[in-house]
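To keep things clear, I will list the structure first and then write my remarks on it.
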Amino acid sequence: MEANLAQLQSCMYQYSRAIYRSIKDLIDPYVDQPTRLEYRRAVLCECEETMTRLAQDPHYFARPDRTLFHDIRRYFPITAQAKVAWAVREGITAAVGFIEVQLEAGLLDGGVSRCKATTRKGKACQRTPLPGRDYCPSHQHLEQSTVGRAAAIV
């Protein structure tokens with residue numbers, strides 16, 4: 001579990017740095033050098049804080065891309081904000097996708113895997129599957145139908 005957490009932190013650090021590297025040259029060029037350096041540090045800090053929060057609490061961090069963009073937009077001229085918003089959105093989308101894969105594999109949330117079914121509202125089932133299976137007791141009929149379908153194909 002500790003190895004998984006260390007890997008997650010390393011990957012989230014890489015996502016944070018990728019976002020920063022893609023937008024650092026767009027920081028307001030019309031300010032003096034010390035102020036620009038301060039802006040770069042602030043943008044890097046905000047990127048890292050957002051990724052840390054996303055890694056620690058992925059279920060309850062609504063719209064991390066909007067949050068990060070809102071926190072850093074003041075450091076960029078208005079002419080560069082569309083590029084910054086796009087870079088932030090793409091970087092956060094990649095990070096969220098990575099975290100979702102980790103959650104589905106059961107490598108987060110204490111190593112507990114989740115049922116692969118979806119609820120009637122289209123959300124992922126949050127229940128723990130039966131041992132050695134992909135589905136919880138409420139959705140175990142789905143596993144039997146997929147096994148039957150696979151046998152029929154062969």
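Residue names in the structure tokens use chain letters A, B, ... in the order shown, residue numbers from 1 in each chain, and ligand numbers from 1 in the order shown.
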(message) Env of Ile99 in chain A: 12 Å cut, atoms = only C-alpha atoms, seq-sep filter 3 positions within chain, self excluded. Answer as a VMD selection string.
(response) chain A and resid 4 to 5 7 to 9 11 to 12 15 51 to 59 92 to 96 102 to 109
Same residues, N, CA and C atoms, saved as a JSON list (two decimals), in the first residue's frame:
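Below you can see out_17.json, which holds the result:
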[["chain", "number", "residue", "atom", "x", "y", "z"],
["A", 4, "ASN", "N", 2.17, 1.90, -3.46],
["A", 4, "ASN", "CA", 1.14, 2.50, -4.32],
["A", 4, "ASN", "C", 0.97, 3.98, -4.04],
["A", 5, "LEU", "N", 1.01, 4.34, -2.77],
["A", 5, "LEU", "CA", 0.88, 5.75, -2.40],
["A", 5, "LEU", "C", 2.06, 6.56, -2.89],
["A", 7, "GLN", "N", 3.92, 5.83, -5.50],
["A", 7, "GLN", "CA", 3.79, 5.92, -6.95],
["A", 7, "GLN", "C", 2.75, 6.97, -7.32],
["A", 8, "LEU", "N", 1.64, 7.01, -6.61],
["A", 8, "LEU", "CA", 0.60, 8.00, -6.88],
["A", 8, "LEU", "C", 1.13, 9.41, -6.68],
["A", 9, "GLN", "N", 1.84, 9.63, -5.59],
["A", 9, "GLN", "CA", 2.40, 10.96, -5.32],
["A", 9, "GLN", "C", 3.39, 11.37, -6.40],
["A", 11, "CYS", "N", 3.42, 10.31, -9.55],
["A", 11, "CYS", "CA", 2.68, 10.59, -10.79],
["A", 11, "CYS", "C", 1.95, 11.92, -10.71],
["A", 12, "MET", "N", 1.37, 12.21, -9.57],
["A", 12, "MET", "CA", 0.66, 13.48, -9.43],
["A", 12, "MET", "C", 1.64, 14.64, -9.49],
["A", 15, "TYR", "N", 2.21, 15.25, -13.13],
["A", 15, "TYR", "CA", 1.10, 15.98, -13.74],
["A", 15, "TYR", "C", 1.17, 17.46, -13.38],
["A", 51, "MET", "N", -3.00, 19.33, -7.25],
["A", 51, "MET", "CA", -2.73, 17.91, -7.45],
["A", 51, "MET", "C", -2.71, 17.15, -6.14],
["A", 52, "THR", "N", -2.19, 17.77, -5.09],
["A", 52, "THR", "CA", -2.19, 17.12, -3.78],
["A", 52, "THR", "C", -3.61, 16.90, -3.30],
["A", 53, "ARG", "N", -4.43, 17.91, -3.44],
["A", 53, "ARG", "CA", -5.83, 17.78, -3.02],
["A", 53, "ARG", "C", -6.56, 16.74, -3.85],
["A", 54, "LEU", "N", -6.29, 16.71, -5.14],
["A", 54, "LEU", "CA", -6.92, 15.74, -6.02],
["A", 54, "LEU", "C", -6.51, 14.32, -5.66],
["A", 55, "ALA", "N", -5.26, 14.12, -5.30],
["A", 55, "ALA", "CA", -4.78, 12.79, -4.93],
["A", 55, "ALA", "C", -5.34, 12.35, -3.58],
["A", 56, "GLN", "N", -5.46, 13.29, -2.64],
["A", 56, "GLN", "CA", -5.92, 12.94, -1.31],
["A", 56, "GLN", "C", -7.42, 12.75, -1.22],
["A", 57, "ASP", "N", -8.17, 13.47, -2.02],
["A", 57, "ASP", "CA", -9.63, 13.42, -1.91],
["A", 57, "ASP", "C", -10.28, 13.51, -3.29],
["A", 58, "PRO", "N", -10.10, 12.50, -4.13],
["A", 58, "PRO", "CA", -10.61, 12.59, -5.50],
["A", 58, "PRO", "C", -12.13, 12.59, -5.61],
["A", 59, "HIS", "N", -12.81, 11.99, -4.65],
["A", 59, "HIS", "CA", -14.27, 11.92, -4.74],
["A", 59, "HIS", "C", -14.95, 13.25, -4.47],
["A", 92, "ILE", "N", -5.44, 18.50, -16.05],
["A", 92, "ILE", "CA", -6.30, 17.98, -14.97],
["A", 92, "ILE", "C", -7.10, 16.78, -15.47],
["A", 93, "THR", "N", -7.56, 16.83, -16.70],
["A", 93, "THR", "CA", -8.31, 15.69, -17.26],
["A", 93, "THR", "C", -7.44, 14.44, -17.27],
["A", 94, "ALA", "N", -6.19, 14.59, -17.65],
["A", 94, "ALA", "CA", -5.27, 13.44, -17.64],
["A", 94, "ALA", "C", -5.06, 12.92, -16.22],
["A", 95, "ALA", "N", -4.88, 13.82, -15.28],
["A", 95, "ALA", "CA", -4.67, 13.42, -13.88],
["A", 95, "ALA", "C", -5.91, 12.73, -13.31],
["A", 96, "VAL", "N", -7.08, 13.26, -13.61],
["A", 96, "VAL", "CA", -8.33, 12.65, -13.13],
["A", 96, "VAL", "C", -8.49, 11.26, -13.75],
["A", 102, "GLN", "N", -6.74, 4.20, -11.08],
["A", 102, "GLN", "CA", -6.23, 3.71, -9.80],
["A", 102, "GLN", "C", -7.38, 3.29, -8.88],
["A", 103, "LEU", "N", -8.46, 4.06, -8.87],
["A", 103, "LEU", "CA", -9.61, 3.72, -8.04],
["A", 103, "LEU", "C", -10.27, 2.43, -8.52],
["A", 104, "GLU", "N", -10.43, 2.29, -9.83],
["A", 104, "GLU", "CA", -11.05, 1.08, -10.38],
["A", 104, "GLU", "C", -10.22, -0.16, -10.10],
["A", 105, "ALA", "N", -8.91, 0.01, -10.10],
["A", 105, "ALA", "CA", -8.03, -1.13, -9.83],
["A", 105, "ALA", "C", -7.96, -1.45, -8.34],
["A", 106, "GLY", "N", -8.51, -0.58, -7.51],
["A", 106, "GLY", "CA", -8.50, -0.82, -6.07],
["A", 106, "GLY", "C", -7.20, -0.43, -5.41],
["A", 107, "LEU", "N", -6.40, 0.38, -6.08],
["A", 107, "LEU", "CA", -5.12, 0.78, -5.52],
["A", 107, "LEU", "C", -5.23, 1.98, -4.59],
["A", 108, "LEU", "N", -6.37, 2.65, -4.62],
["A", 108, "LEU", "CA", -6.65, 3.74, -3.68],
["A", 108, "LEU", "C", -7.79, 3.30, -2.79],
["A", 109, "ASP", "N", -8.23, 4.16, -1.91],
["A", 109, "ASP", "CA", -9.30, 3.85, -0.96],
["A", 109, "ASP", "C", -8.95, 2.66, -0.08]]
(request) Using CA of Cys125 in chain A and CA of Glu100 in chain A as the two end points, give the distance in Å to one decimal. (result)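 Interatomic distance here is 13.3 Å.
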(request) Just the residues within 8 Å of range 64-74 of chain A, please, counting only C-alpha atoms, with nothing from its chain fewer than 2 positions along; format it as a PyMOL selection string. (result) chain A and resi 42-43+46-47+50+54+61-62+76-77+81+84-85+88-89+92-93
(request) Looking only at alpha helix (DSSP H) from DSSP on the backbone, list the matching residues of range 14-97 of chain A as a ChimeraX atom specification. (result) /A:14-23,33-56,64-72,81-97
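Near Cys115 in chain A, within 6 Å and counting only C-alpha atoms, sit A:Cys125, A:Arg127, A:Thr128, A:Pro129, A:Asp134, A:Tyr135, A:Cys136, not including residues fewer than 5 positions from it in the same chain.
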Go ahead and write the selection's residues with N, CA and C atoms as an mmCIF file, in the first residue's frame.
data_model
loop_
_atom_site.group_PDB
_atom_site.id
_atom_site.type_symbol
_atom_site.label_atom_id
_atom_site.label_comp_id
_atom_site.auth_asym_id
_atom_site.auth_seq_id
_atom_site.Cartn_x
_atom_site.Cartn_y
_atom_site.Cartn_z
ATOM 1 N N CYS A 125 -21.141 2.101 -9.230
ATOM 2 C CA CYS A 125 -21.541 1.491 -7.964
ATOM 3 C C CYS A 125 -20.383 1.604 -6.984
ATOM 4 N N ARG A 127 -20.195 -0.061 -4.034
ATOM 5 C CA ARG A 127 -20.095 -1.213 -3.137
ATOM 6 C C ARG A 127 -18.871 -2.057 -3.433
ATOM 7 N N THR A 128 -18.462 -2.821 -2.444
ATOM 8 C CA THR A 128 -17.313 -3.711 -2.583
ATOM 9 C C THR A 128 -17.760 -5.008 -3.247
ATOM 10 N N PRO A 129 -17.033 -5.453 -4.270
ATOM 11 C CA PRO A 129 -17.435 -6.696 -4.934
ATOM 12 C C PRO A 129 -17.183 -7.922 -4.062
ATOM 13 N N ASP A 134 -15.900 -9.358 -9.869
ATOM 14 C CA ASP A 134 -15.895 -7.964 -10.291
ATOM 15 C C ASP A 134 -17.127 -7.190 -9.839
ATOM 16 N N TYR A 135 -18.152 -7.901 -9.353
ATOM 17 C CA TYR A 135 -19.423 -7.252 -9.028
ATOM 18 C C TYR A 135 -19.831 -7.518 -7.580
ATOM 19 N N CYS A 136 -20.605 -6.575 -7.025
ATOM 20 C CA CYS A 136 -21.117 -6.697 -5.662
ATOM 21 C C CYS A 136 -22.315 -7.663 -5.661
#
(message) My list of candidates is A:Arg120, A:Arg133, A:Arg63, A:Lys83. Which is closest to Asp25 in chain A when distances are computed with only C-alpha atoms?
(response) A:Lys83
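Atom pair CA of Ser22 in chain A / CA of Leu44 in chain A has a distance of 11.2 Å (rounded to one decimal).
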(request) Would you please work out which residue, of A:Ala87, A:Ser138, A:Tyr75, A:Lys121, is nearest to Tyr30 in chain A when using only C-alpha atoms? (result) A:Tyr75
